[in-house]
$ cat model12.cif   # mmCIF, N, CA and C atoms
data_run
loop_
_atom_site.label_atom_id
_atom_site.label_comp_id
_atom_site.auth_asym_id
_atom_site.auth_seq_id
_atom_site.Cartn_x
_atom_site.Cartn_y
_atom_site.Cartn_z
N MET J 1 23.02 7.08 -32.05
CA MET J 1 23.65 8.27 -31.52
C MET J 1 23.13 9.47 -32.29
N ARG J 2 22.90 10.57 -31.56
CA ARG J 2 22.47 11.80 -32.21
C ARG J 2 23.65 12.76 -32.25
N CYS J 3 23.64 13.64 -33.26
CA CYS J 3 24.72 14.61 -33.35
C CYS J 3 24.16 15.96 -33.77
N ARG J 4 24.98 16.99 -33.51
CA ARG J 4 24.60 18.35 -33.87
C ARG J 4 25.23 18.68 -35.22
N LEU J 5 24.41 19.04 -36.18
CA LEU J 5 24.89 19.41 -37.51
C LEU J 5 24.42 20.83 -37.80
N ASP J 6 25.36 21.76 -37.85
CA ASP J 6 25.01 23.16 -38.13
C ASP J 6 23.90 23.68 -37.22
N GLY J 7 23.96 23.32 -35.94
CA GLY J 7 23.00 23.82 -34.98
C GLY J 7 21.73 23.00 -34.88
N PHE J 8 21.56 21.98 -35.70
CA PHE J 8 20.37 21.14 -35.65
C PHE J 8 20.77 19.74 -35.22
N TYR J 9 19.86 19.02 -34.59
CA TYR J 9 20.14 17.66 -34.17
C TYR J 9 19.57 16.68 -35.19
N ASP J 10 20.33 15.63 -35.44
CA ASP J 10 19.90 14.61 -36.39
C ASP J 10 20.57 13.30 -36.02
N ASP J 11 20.00 12.19 -36.48
CA ASP J 11 20.62 10.90 -36.24
C ASP J 11 21.75 10.70 -37.23
N ILE J 12 22.81 10.01 -36.79
CA ILE J 12 23.91 9.70 -37.69
C ILE J 12 23.46 8.55 -38.58
N THR J 13 23.33 8.82 -39.85
CA THR J 13 22.90 7.78 -40.78
C THR J 13 23.74 7.81 -42.04
N TRP J 14 24.83 8.58 -42.03
CA TRP J 14 25.62 8.74 -43.23
C TRP J 14 27.07 8.49 -42.94
N GLU J 15 27.92 8.54 -43.93
CA GLU J 15 29.30 8.07 -43.83
C GLU J 15 30.33 9.16 -43.54
N ARG J 16 29.96 10.33 -43.05
CA ARG J 16 30.93 11.39 -42.82
C ARG J 16 30.91 11.84 -41.37
N PRO J 17 31.36 11.00 -40.42
CA PRO J 17 31.28 11.35 -39.00
C PRO J 17 32.14 12.53 -38.60
N ASN J 18 33.18 12.90 -39.37
CA ASN J 18 34.02 14.03 -38.97
C ASN J 18 33.28 15.35 -39.02
N TYR J 19 32.12 15.38 -39.61
CA TYR J 19 31.33 16.60 -39.65
C TYR J 19 30.27 16.60 -38.56
N CYS J 20 30.37 15.69 -37.64
CA CYS J 20 29.38 15.53 -36.59
C CYS J 20 29.99 15.87 -35.24
N ARG J 21 29.19 16.48 -34.38
CA ARG J 21 29.58 16.67 -32.99
C ARG J 21 28.54 15.95 -32.16
N VAL J 22 28.99 15.07 -31.30
CA VAL J 22 28.07 14.32 -30.45
C VAL J 22 27.49 15.27 -29.42
N VAL J 23 26.21 15.12 -29.13
CA VAL J 23 25.56 15.92 -28.10
C VAL J 23 26.26 15.63 -26.77
N ALA J 24 26.59 16.66 -26.00
CA ALA J 24 27.41 16.51 -24.79
C ALA J 24 26.89 15.45 -23.84
N ASP J 25 25.57 15.35 -23.67
CA ASP J 25 25.01 14.35 -22.76
C ASP J 25 25.26 12.93 -23.24
N GLU J 26 25.59 12.77 -24.51
CA GLU J 26 25.82 11.44 -25.05
C GLU J 26 27.30 11.05 -25.03
N LEU J 27 28.15 11.90 -24.47
CA LEU J 27 29.55 11.54 -24.26
C LEU J 27 29.59 10.72 -22.98
N THR J 28 29.53 9.42 -23.12
CA THR J 28 29.43 8.50 -22.00
C THR J 28 30.65 7.59 -21.95
N PRO J 29 30.87 6.93 -20.80
CA PRO J 29 31.98 5.98 -20.75
C PRO J 29 31.81 4.84 -21.75
N ASP J 30 30.58 4.43 -22.01
CA ASP J 30 30.34 3.37 -22.98
C ASP J 30 30.76 3.79 -24.39
N LEU J 31 30.66 5.07 -24.68
CA LEU J 31 31.06 5.58 -25.99
C LEU J 31 32.59 5.58 -26.13
N PHE J 32 33.30 5.94 -25.06
CA PHE J 32 34.76 6.03 -25.11
C PHE J 32 35.46 4.69 -24.89
N GLU J 33 34.83 3.77 -24.17
CA GLU J 33 35.50 2.52 -23.80
C GLU J 33 36.10 1.75 -24.99
N PRO J 34 35.37 1.57 -26.10
CA PRO J 34 35.98 0.85 -27.22
C PRO J 34 37.06 1.67 -27.95
N LEU J 35 37.21 2.94 -27.59
CA LEU J 35 38.19 3.81 -28.25
C LEU J 35 39.52 3.87 -27.52
N VAL J 36 39.62 3.22 -26.34
CA VAL J 36 40.88 3.20 -25.60
C VAL J 36 41.95 2.58 -26.49
N GLY J 37 43.07 3.27 -26.58
CA GLY J 37 44.18 2.81 -27.43
C GLY J 37 44.17 3.42 -28.82
N THR J 38 43.13 4.19 -29.14
CA THR J 38 43.04 4.80 -30.47
C THR J 38 43.47 6.27 -30.41
N LEU J 39 43.64 6.85 -31.60
CA LEU J 39 44.17 8.21 -31.71
C LEU J 39 43.09 9.26 -31.91
N PHE J 40 43.29 10.39 -31.25
CA PHE J 40 42.51 11.60 -31.42
C PHE J 40 43.49 12.66 -31.91
N HIS J 41 42.99 13.69 -32.56
CA HIS J 41 43.84 14.79 -33.01
C HIS J 41 43.24 16.10 -32.50
N ALA J 42 44.04 16.83 -31.71
CA ALA J 42 43.60 18.10 -31.13
C ALA J 42 44.00 19.24 -32.06
N ASP J 43 43.02 20.09 -32.36
CA ASP J 43 43.27 21.26 -33.19
C ASP J 43 43.83 22.37 -32.30
N LEU J 44 45.09 22.72 -32.52
CA LEU J 44 45.75 23.75 -31.72
C LEU J 44 45.64 25.13 -32.34
N GLY J 45 45.00 25.22 -33.49
CA GLY J 45 44.88 26.48 -34.20
C GLY J 45 46.07 26.70 -35.12
N GLY J 46 45.90 27.58 -36.07
CA GLY J 46 46.98 27.89 -37.00
C GLY J 46 47.43 26.71 -37.83
N GLY J 47 46.55 25.74 -38.01
CA GLY J 47 46.90 24.57 -38.80
C GLY J 47 47.72 23.54 -38.05
N GLN J 48 47.94 23.75 -36.76
CA GLN J 48 48.72 22.80 -35.96
C GLN J 48 47.80 21.79 -35.29
N MET J 49 48.22 20.52 -35.31
CA MET J 49 47.45 19.45 -34.68
C MET J 49 48.36 18.72 -33.69
N LEU J 50 47.77 18.17 -32.65
CA LEU J 50 48.50 17.36 -31.67
C LEU J 50 47.84 15.99 -31.61
N GLU J 51 48.64 14.96 -31.80
CA GLU J 51 48.14 13.59 -31.74
C GLU J 51 48.05 13.15 -30.28
N LEU J 52 46.87 12.66 -29.89
CA LEU J 52 46.63 12.18 -28.54
C LEU J 52 46.15 10.74 -28.61
N ARG J 53 46.71 9.88 -27.78
CA ARG J 53 46.22 8.50 -27.70
C ARG J 53 45.38 8.37 -26.43
N LEU J 54 44.17 7.84 -26.57
CA LEU J 54 43.31 7.62 -25.41
C LEU J 54 43.87 6.42 -24.65
N ASP J 55 44.45 6.68 -23.47
CA ASP J 55 45.14 5.64 -22.71
C ASP J 55 44.30 5.02 -21.61
N GLU J 56 43.43 5.80 -20.99
CA GLU J 56 42.68 5.29 -19.82
C GLU J 56 41.27 5.83 -19.81
N LEU J 57 40.39 5.04 -19.23
CA LEU J 57 39.03 5.46 -18.93
C LEU J 57 38.74 4.99 -17.51
N THR J 58 38.26 5.89 -16.67
CA THR J 58 37.92 5.55 -15.28
C THR J 58 36.47 5.90 -15.04
N ARG J 59 35.71 4.92 -14.61
CA ARG J 59 34.30 5.13 -14.25
C ARG J 59 34.24 5.42 -12.75
N PHE J 60 33.48 6.46 -12.38
CA PHE J 60 33.36 6.82 -10.96
C PHE J 60 32.12 6.21 -10.33
N GLY J 61 31.22 5.65 -11.14
CA GLY J 61 29.97 5.14 -10.60
C GLY J 61 29.01 6.28 -10.33
N ALA J 62 27.78 5.94 -10.09
CA ALA J 62 26.74 6.95 -9.86
C ALA J 62 27.03 7.71 -8.57
N ILE J 63 26.85 9.01 -8.62
CA ILE J 63 27.05 9.87 -7.45
C ILE J 63 25.75 10.65 -7.23
N ALA J 64 25.20 10.53 -6.03
CA ALA J 64 23.93 11.20 -5.72
C ALA J 64 24.04 12.69 -5.97
N GLY J 65 23.06 13.25 -6.62
CA GLY J 65 23.00 14.68 -6.88
C GLY J 65 23.73 15.14 -8.13
N GLN J 66 24.41 14.24 -8.81
CA GLN J 66 25.11 14.61 -10.04
C GLN J 66 24.15 14.59 -11.22
N ALA J 67 24.31 15.55 -12.13
CA ALA J 67 23.47 15.61 -13.32
C ALA J 67 23.77 14.46 -14.28
N ARG J 68 25.03 14.06 -14.33
CA ARG J 68 25.44 12.98 -15.24
C ARG J 68 25.23 11.64 -14.53
N PRO J 69 24.50 10.72 -15.16
CA PRO J 69 24.20 9.44 -14.52
C PRO J 69 25.43 8.63 -14.15
N GLU J 70 26.48 8.70 -14.96
CA GLU J 70 27.70 7.94 -14.67
C GLU J 70 28.92 8.80 -14.98
N PRO J 71 29.42 9.54 -13.97
CA PRO J 71 30.61 10.36 -14.18
C PRO J 71 31.82 9.49 -14.52
N PHE J 72 32.75 10.06 -15.29
CA PHE J 72 33.94 9.31 -15.69
C PHE J 72 35.03 10.28 -16.10
N SER J 73 36.23 9.75 -16.25
CA SER J 73 37.33 10.55 -16.77
C SER J 73 38.05 9.74 -17.83
N ILE J 74 38.73 10.47 -18.73
CA ILE J 74 39.57 9.83 -19.73
C ILE J 74 40.93 10.50 -19.67
N VAL J 75 41.97 9.72 -19.95
CA VAL J 75 43.35 10.23 -19.93
C VAL J 75 43.97 9.95 -21.29
N PHE J 76 44.56 11.00 -21.85
CA PHE J 76 45.26 10.90 -23.13
C PHE J 76 46.76 10.97 -22.90
N GLY J 77 47.53 10.33 -23.76
CA GLY J 77 48.97 10.46 -23.78
C GLY J 77 49.38 11.18 -25.05
N ALA J 78 50.43 12.00 -24.96
CA ALA J 78 50.91 12.76 -26.12
C ALA J 78 52.42 12.88 -26.04
N ALA J 79 53.02 13.22 -27.16
CA ALA J 79 54.47 13.40 -27.22
C ALA J 79 54.93 14.43 -26.20
N ALA J 80 56.07 14.17 -25.59
CA ALA J 80 56.59 15.05 -24.55
C ALA J 80 57.07 16.39 -25.08
N ASP J 81 57.38 16.47 -26.37
CA ASP J 81 57.97 17.70 -26.92
C ASP J 81 56.94 18.75 -27.35
N ARG J 82 55.65 18.48 -27.18
CA ARG J 82 54.63 19.45 -27.60
C ARG J 82 53.62 19.69 -26.49
N PRO J 83 54.01 20.37 -25.43
CA PRO J 83 53.06 20.61 -24.33
C PRO J 83 51.99 21.61 -24.72
N VAL J 84 50.79 21.39 -24.21
CA VAL J 84 49.71 22.37 -24.38
C VAL J 84 49.11 22.62 -23.00
N GLY J 85 48.56 23.81 -22.81
CA GLY J 85 47.94 24.17 -21.54
C GLY J 85 46.52 23.65 -21.46
N GLN J 86 45.95 23.77 -20.27
CA GLN J 86 44.57 23.35 -20.11
C GLN J 86 43.66 24.24 -20.94
N GLY J 87 42.59 23.68 -21.43
CA GLY J 87 41.64 24.44 -22.21
C GLY J 87 40.72 23.53 -23.01
N VAL J 88 39.84 24.17 -23.74
CA VAL J 88 38.91 23.45 -24.61
C VAL J 88 39.56 23.30 -25.98
N TYR J 89 39.64 22.07 -26.43
CA TYR J 89 40.21 21.76 -27.74
C TYR J 89 39.21 20.96 -28.56
N SER J 90 39.19 21.21 -29.85
CA SER J 90 38.40 20.38 -30.76
C SER J 90 39.21 19.12 -31.02
N LEU J 91 38.66 17.98 -30.58
CA LEU J 91 39.33 16.70 -30.75
C LEU J 91 38.62 15.92 -31.85
N ASP J 92 39.39 15.50 -32.85
CA ASP J 92 38.87 14.70 -33.96
C ASP J 92 39.21 13.24 -33.74
N HIS J 93 38.25 12.38 -34.04
CA HIS J 93 38.46 10.94 -33.98
C HIS J 93 37.76 10.30 -35.16
N ALA J 94 38.37 9.30 -35.75
CA ALA J 94 37.83 8.67 -36.96
C ALA J 94 36.42 8.13 -36.77
N GLN J 95 36.09 7.62 -35.58
CA GLN J 95 34.75 7.07 -35.35
C GLN J 95 33.83 8.06 -34.66
N LEU J 96 34.36 8.86 -33.77
CA LEU J 96 33.55 9.75 -32.94
C LEU J 96 33.28 11.09 -33.61
N GLY J 97 34.10 11.47 -34.56
CA GLY J 97 33.95 12.78 -35.19
C GLY J 97 34.68 13.83 -34.39
N ARG J 98 34.22 15.08 -34.46
CA ARG J 98 34.86 16.21 -33.79
C ARG J 98 34.02 16.66 -32.61
N ASN J 99 34.68 16.82 -31.46
CA ASN J 99 34.00 17.28 -30.25
C ASN J 99 34.91 18.21 -29.48
N ASP J 100 34.34 19.24 -28.90
CA ASP J 100 35.09 20.17 -28.06
C ASP J 100 35.15 19.60 -26.65
N ILE J 101 36.37 19.37 -26.16
CA ILE J 101 36.55 18.74 -24.85
C ILE J 101 37.58 19.53 -24.06
N PHE J 102 37.27 19.79 -22.78
CA PHE J 102 38.18 20.49 -21.87
C PHE J 102 39.19 19.49 -21.33
N ILE J 103 40.48 19.71 -21.61
CA ILE J 103 41.53 18.82 -21.10
C ILE J 103 42.49 19.60 -20.22
N VAL J 104 43.08 18.89 -19.26
CA VAL J 104 43.99 19.47 -18.28
C VAL J 104 45.26 18.63 -18.25
N PRO J 105 46.44 19.27 -18.32
CA PRO J 105 47.68 18.50 -18.19
C PRO J 105 47.79 17.94 -16.77
N ILE J 106 48.17 16.67 -16.65
CA ILE J 106 48.28 16.04 -15.32
C ILE J 106 49.67 15.48 -15.07
N GLY J 107 50.64 15.86 -15.88
CA GLY J 107 52.01 15.42 -15.65
C GLY J 107 52.38 14.26 -16.55
N PRO J 108 53.66 13.90 -16.53
CA PRO J 108 54.13 12.84 -17.41
C PRO J 108 53.73 11.45 -16.92
N GLY J 109 53.57 10.54 -17.86
CA GLY J 109 53.33 9.15 -17.53
C GLY J 109 54.65 8.43 -17.29
N ALA J 110 54.56 7.17 -16.92
CA ALA J 110 55.76 6.37 -16.68
C ALA J 110 56.62 6.25 -17.93
N ASP J 111 55.99 6.38 -19.10
CA ASP J 111 56.72 6.27 -20.37
C ASP J 111 57.32 7.60 -20.82
N GLY J 112 57.16 8.67 -20.00
CA GLY J 112 57.71 9.97 -20.34
C GLY J 112 56.80 10.83 -21.21
N ARG J 113 55.70 10.25 -21.71
CA ARG J 113 54.77 11.04 -22.53
C ARG J 113 53.95 11.96 -21.63
N ARG J 114 53.55 13.09 -22.17
CA ARG J 114 52.66 14.01 -21.43
C ARG J 114 51.29 13.37 -21.32
N ARG J 115 50.59 13.67 -20.21
CA ARG J 115 49.25 13.13 -20.02
C ARG J 115 48.27 14.28 -19.80
N TYR J 116 47.08 14.10 -20.34
CA TYR J 116 46.02 15.08 -20.25
C TYR J 116 44.74 14.36 -19.83
N GLU J 117 43.97 15.00 -18.94
CA GLU J 117 42.75 14.38 -18.44
C GLU J 117 41.54 15.24 -18.78
N ALA J 118 40.44 14.56 -19.08
CA ALA J 118 39.13 15.21 -19.24
C ALA J 118 38.18 14.50 -18.27
N VAL J 119 37.44 15.28 -17.49
CA VAL J 119 36.50 14.73 -16.51
C VAL J 119 35.10 15.11 -16.94
N PHE J 120 34.21 14.12 -16.93
CA PHE J 120 32.81 14.32 -17.30
C PHE J 120 31.98 14.02 -16.06
N ASN J 121 31.43 15.09 -15.43
CA ASN J 121 30.64 14.88 -14.22
C ASN J 121 29.40 15.75 -14.18
#

$ encode --input "model12.cif" --output "structure tokens"
Amino acid sequence: MRCRLDGFYDDITWERPNYCRVVADELTPDLFEPLVGTLFHADLGGGQMLELRLDELTRFGAIAGQARPEPFSIVFGAAADRPVGQGVYSLDHAQLGRNDIFIVPIGPGADGRRRYEAVFN
């Protein structure tokens, strides 16, 4: 996997992934699939963080004319008492590092937790 470090691209070969941002084209369903059920932390600014659990990954399959070879979506669950609006958030993950991802609230899940979706197409 390649990552952007201070505006330059380099291969990940060291032990500090939180300082890495994955190149957008490399955010693939194969990258997220083993992370289902794990925690991400969204930076809300002002030192506030929101814990998000990656609950679902949906593969759409190849779509003719799409720039992304395999479009997909991911759905996060979060505590019901801390709603956030749609927007780009820096999401931290222990294995993936930090990446800016556009998420949209999609309503509560069956368990009452808030749900947020990111679509990659």

$ select_by_dssp --input "model12.cif" --residues "region 20-67 of chain J" --states "alpha helix (DSSP H)" --output "ChimeraX atom specification"
/J:29-32

$ residues_around --input "model12.cif" --residues "Val36 (chain J)" --least-positions-apart "6" --cutoff "9 Å" --atoms "only C-alpha atoms" --output "PDB file with N, CA and C atoms, keeping the file's coordinate frame"
ATOM      1  N   ARG J  53      46.710   9.880 -27.780  1.00  0.00           N
ATOM      2  CA  ARG J  53      46.220   8.500 -27.700  1.00  0.00           C
ATOM      3  C   ARG J  53      45.380   8.370 -26.430  1.00  0.00           C
ATOM      4  N   LEU J  54      44.170   7.840 -26.570  1.00  0.00           N
ATOM      5  CA  LEU J  54      43.310   7.620 -25.410  1.00  0.00           C
ATOM      6  C   LEU J  54      43.870   6.420 -24.650  1.00  0.00           C
ATOM      7  N   ASP J  55      44.450   6.680 -23.470  1.00  0.00           N
ATOM      8  CA  ASP J  55      45.140   5.640 -22.710  1.00  0.00           C
ATOM      9  C   ASP J  55      44.300   5.020 -21.610  1.00  0.00           C
ATOM     10  N   GLU J  56      43.430   5.800 -20.990  1.00  0.00           N
ATOM     11  CA  GLU J  56      42.680   5.290 -19.820  1.00  0.00           C
ATOM     12  C   GLU J  56      41.270   5.830 -19.810  1.00  0.00           C
ATOM     13  N   LEU J  57      40.390   5.040 -19.230  1.00  0.00           N
ATOM     14  CA  LEU J  57      39.030   5.460 -18.930  1.00  0.00           C
ATOM     15  C   LEU J  57      38.740   4.990 -17.510  1.00  0.00           C
ATOM     16  N   ILE J  74      38.730  10.470 -18.730  1.00  0.00           N
ATOM     17  CA  ILE J  74      39.570   9.830 -19.730  1.00  0.00           C
ATOM     18  C   ILE J  74      40.930  10.500 -19.670  1.00  0.00           C
TER      19      ILE J  74
END

$ resolve_selection --input "model12.cif" --expression "the PyMOL selection byres (((chain J and resi 78 and name CA) around 6) and name CA)" --output "PyMOL selection string"
chain J and resi 52+77+79+113-114

$ residues_around --input "model12.cif" --residues "region 65-67 of chain J" --least-positions-apart "3" --cutoff "12 Å" --atoms "only C-alpha atoms" --output "PyMOL selection string"
chain J and resi 25+60-62+70-72+120-121

$ atom_distance --input "model12.cif" --atom1 "atom N of Phe76 (chain J)" --atom2 "atom N of Gln48 (chain J)"
19.9 Å

$ atom_distance --input "model12.cif" --atom1 "atom N of Asp100 (chain J)" --atom2 "CA of Thr28 (chain J)"
13.7 Å

$ select_by_dssp --input "model12.cif" --residues "region 26-64 of chain J" --states "strand (DSSP E or B)" --output "ChimeraX atom specification"
/J:39-45,48-59

$ residues_near_point --input "model12.cif" --point "(42.2, 16.4, -24.6)" --cutoff "7 Å" --atoms "only N, CA and C atoms" --output "PyMOL selection string"
chain J and resi 42+76+89+91+101-104+116-118

$ atom_distance --input "model12.cif" --atom1 "CA of Pro108 (chain J)" --atom2 "CA of Arg82 (chain J)"
12.2 Å

$ resolve_selection --input "model12.cif" --expression "the PyMOL selection byres (((chain J and resi 94 and name CA) around 9) and name CA)" --output "number ranges by chain"
J: 17-18, 39-40, 92-93, 95-98

$ axis_aligned_box --input "model12.cif" --around "region 53-59 of chain J" --padding-each-side "5 Å" --output "AutoDock Vina command-line options"
--center_x 40.5 --center_y 7.4 --center_z -20.3 --size_x 22.5 --size_y 15.0 --size_z 25.0

$ closest_residue --input "model12.cif" --among "J:Ile106, J:Thr58, J:Val119, J:Glu33" --to "Val84 (chain J)" --atoms "only C-alpha atoms"
J:Ile106

$ closest_residue --input "model12.cif" --among "J:Pro69, J:Pro29, J:Gly112, J:Pro105" --to "Asp81 (chain J)" --atoms "only N, CA and C atoms"
J:Gly112

$ decode --input "model12.cif" --residues "region 22-101 of chain J" --atoms "C-alpha atoms" --output "PDB file, in the first residue's frame"
ATOM      1  CA  VAL J  22      -3.896   6.174   2.009  1.00  0.00           C
ATOM      2  CA  VAL J  23      -4.047   7.425  -1.566  1.00  0.00           C
ATOM      3  CA  ALA J  24      -7.768   7.825  -2.418  1.00  0.00           C
ATOM      4  CA  ASP J  25      -7.643   5.358  -5.327  1.00  0.00           C
ATOM      5  CA  GLU J  26      -6.381   2.710  -2.925  1.00  0.00           C
ATOM      6  CA  LEU J  27      -9.433   2.949  -0.662  1.00  0.00           C
ATOM      7  CA  THR J  28     -10.967  -0.278  -1.935  1.00  0.00           C
ATOM      8  CA  PRO J  29     -13.516  -2.750  -0.593  1.00  0.00           C
ATOM      9  CA  ASP J  30     -10.680  -5.246  -0.095  1.00  0.00           C
ATOM     10  CA  LEU J  31      -8.970  -2.740   2.197  1.00  0.00           C
ATOM     11  CA  PHE J  32     -12.080  -2.166   4.343  1.00  0.00           C
ATOM     12  CA  GLU J  33     -13.456  -5.728   4.393  1.00  0.00           C
ATOM     13  CA  PRO J  34     -11.160  -7.059   7.155  1.00  0.00           C
ATOM     14  CA  LEU J  35     -11.925  -3.908   9.194  1.00  0.00           C
ATOM     15  CA  VAL J  36     -15.673  -4.589   9.528  1.00  0.00           C
ATOM     16  CA  GLY J  37     -16.474  -4.632  13.235  1.00  0.00           C
ATOM     17  CA  THR J  38     -13.499  -2.450  14.182  1.00  0.00           C
ATOM     18  CA  LEU J  39     -13.410   1.106  15.497  1.00  0.00           C
ATOM     19  CA  PHE J  40     -12.628   4.365  13.721  1.00  0.00           C
ATOM     20  CA  HIS J  41     -12.407   7.751  15.446  1.00  0.00           C
ATOM     21  CA  ALA J  42     -13.757  10.867  13.705  1.00  0.00           C
ATOM     22  CA  ASP J  43     -12.079  14.169  14.495  1.00  0.00           C
ATOM     23  CA  LEU J  44     -14.898  16.658  15.137  1.00  0.00           C
ATOM     24  CA  GLY J  45     -12.535  19.540  15.842  1.00  0.00           C
ATOM     25  CA  GLY J  46     -11.864  21.305  19.102  1.00  0.00           C
ATOM     26  CA  GLY J  47     -10.363  18.152  20.555  1.00  0.00           C
ATOM     27  CA  GLN J  48     -13.649  16.242  20.235  1.00  0.00           C
ATOM     28  CA  MET J  49     -13.678  12.734  18.778  1.00  0.00           C
ATOM     29  CA  LEU J  50     -16.564  10.452  17.796  1.00  0.00           C
ATOM     30  CA  GLU J  51     -16.167   6.686  17.948  1.00  0.00           C
ATOM     31  CA  LEU J  52     -17.531   4.917  14.863  1.00  0.00           C
ATOM     32  CA  ARG J  53     -17.782   1.155  14.370  1.00  0.00           C
ATOM     33  CA  LEU J  54     -17.554  -0.079  10.783  1.00  0.00           C
ATOM     34  CA  ASP J  55     -20.730  -2.176  10.579  1.00  0.00           C
ATOM     35  CA  GLU J  56     -21.265  -2.917   6.882  1.00  0.00           C
ATOM     36  CA  LEU J  57     -19.521  -3.032   3.547  1.00  0.00           C
ATOM     37  CA  THR J  58     -21.530  -3.318   0.320  1.00  0.00           C
ATOM     38  CA  ARG J  59     -19.902  -4.036  -3.032  1.00  0.00           C
ATOM     39  CA  PHE J  60     -21.791  -2.696  -6.056  1.00  0.00           C
ATOM     40  CA  GLY J  61     -19.776  -4.587  -8.665  1.00  0.00           C
ATOM     41  CA  ALA J  62     -18.250  -3.032 -11.750  1.00  0.00           C
ATOM     42  CA  ILE J  63     -20.348  -0.317 -13.383  1.00  0.00           C
ATOM     43  CA  ALA J  64     -19.619   0.675 -16.985  1.00  0.00           C
ATOM     44  CA  GLY J  65     -18.238   4.188 -17.270  1.00  0.00           C
ATOM     45  CA  GLN J  66     -17.258   4.513 -13.614  1.00  0.00           C
ATOM     46  CA  ALA J  67     -13.745   5.701 -12.794  1.00  0.00           C
ATOM     47  CA  ARG J  68     -13.525   3.366  -9.796  1.00  0.00           C
ATOM     48  CA  PRO J  69     -13.146  -0.290 -10.847  1.00  0.00           C
ATOM     49  CA  GLU J  70     -15.305  -1.571  -7.970  1.00  0.00           C
ATOM     50  CA  PRO J  71     -17.660   0.957  -6.358  1.00  0.00           C
ATOM     51  CA  PHE J  72     -18.700   0.231  -2.767  1.00  0.00           C
ATOM     52  CA  SER J  73     -20.168   1.752   0.355  1.00  0.00           C
ATOM     53  CA  ILE J  74     -19.402   1.420   4.040  1.00  0.00           C
ATOM     54  CA  VAL J  75     -21.758   2.044   6.959  1.00  0.00           C
ATOM     55  CA  PHE J  76     -20.641   3.099  10.418  1.00  0.00           C
ATOM     56  CA  GLY J  77     -22.599   2.925  13.667  1.00  0.00           C
ATOM     57  CA  ALA J  78     -22.187   5.518  16.427  1.00  0.00           C
ATOM     58  CA  ALA J  79     -23.729   6.452  19.751  1.00  0.00           C
ATOM     59  CA  ALA J  80     -27.188   7.980  19.418  1.00  0.00           C
ATOM     60  CA  ASP J  81     -26.390  10.899  21.742  1.00  0.00           C
ATOM     61  CA  ARG J  82     -23.724  12.512  19.512  1.00  0.00           C
ATOM     62  CA  PRO J  83     -25.180  13.291  16.082  1.00  0.00           C
ATOM     63  CA  VAL J  84     -22.983  14.860  13.429  1.00  0.00           C
ATOM     64  CA  GLY J  85     -23.988  16.301  10.067  1.00  0.00           C
ATOM     65  CA  GLN J  86     -22.809  15.172   6.685  1.00  0.00           C
ATOM     66  CA  GLY J  87     -19.329  16.278   5.757  1.00  0.00           C
ATOM     67  CA  VAL J  88     -15.698  15.347   5.385  1.00  0.00           C
ATOM     68  CA  TYR J  89     -14.163  14.019   8.582  1.00  0.00           C
ATOM     69  CA  SER J  90     -10.663  12.809   9.342  1.00  0.00           C
ATOM     70  CA  LEU J  91     -11.171   9.201  10.397  1.00  0.00           C
ATOM     71  CA  ASP J  92      -8.412   7.462  12.358  1.00  0.00           C
ATOM     72  CA  HIS J  93      -8.015   3.699  12.434  1.00  0.00           C
ATOM     73  CA  ALA J  94      -5.298   1.670  14.150  1.00  0.00           C
ATOM     74  CA  GLN J  95      -4.428  -0.235  10.947  1.00  0.00           C
ATOM     75  CA  LEU J  96      -5.519   2.155   8.198  1.00  0.00           C
ATOM     76  CA  GLY J  97      -4.183   5.384   9.674  1.00  0.00           C
ATOM     77  CA  ARG J  98      -5.932   8.729   9.097  1.00  0.00           C
ATOM     78  CA  ASN J  99      -8.042   9.430   6.023  1.00  0.00           C
ATOM     79  CA  ASP J 100     -10.493  12.181   5.120  1.00  0.00           C
ATOM     80  CA  ILE J 101     -13.822  10.556   4.245  1.00  0.00           C
TER      81      ILE J 101
END
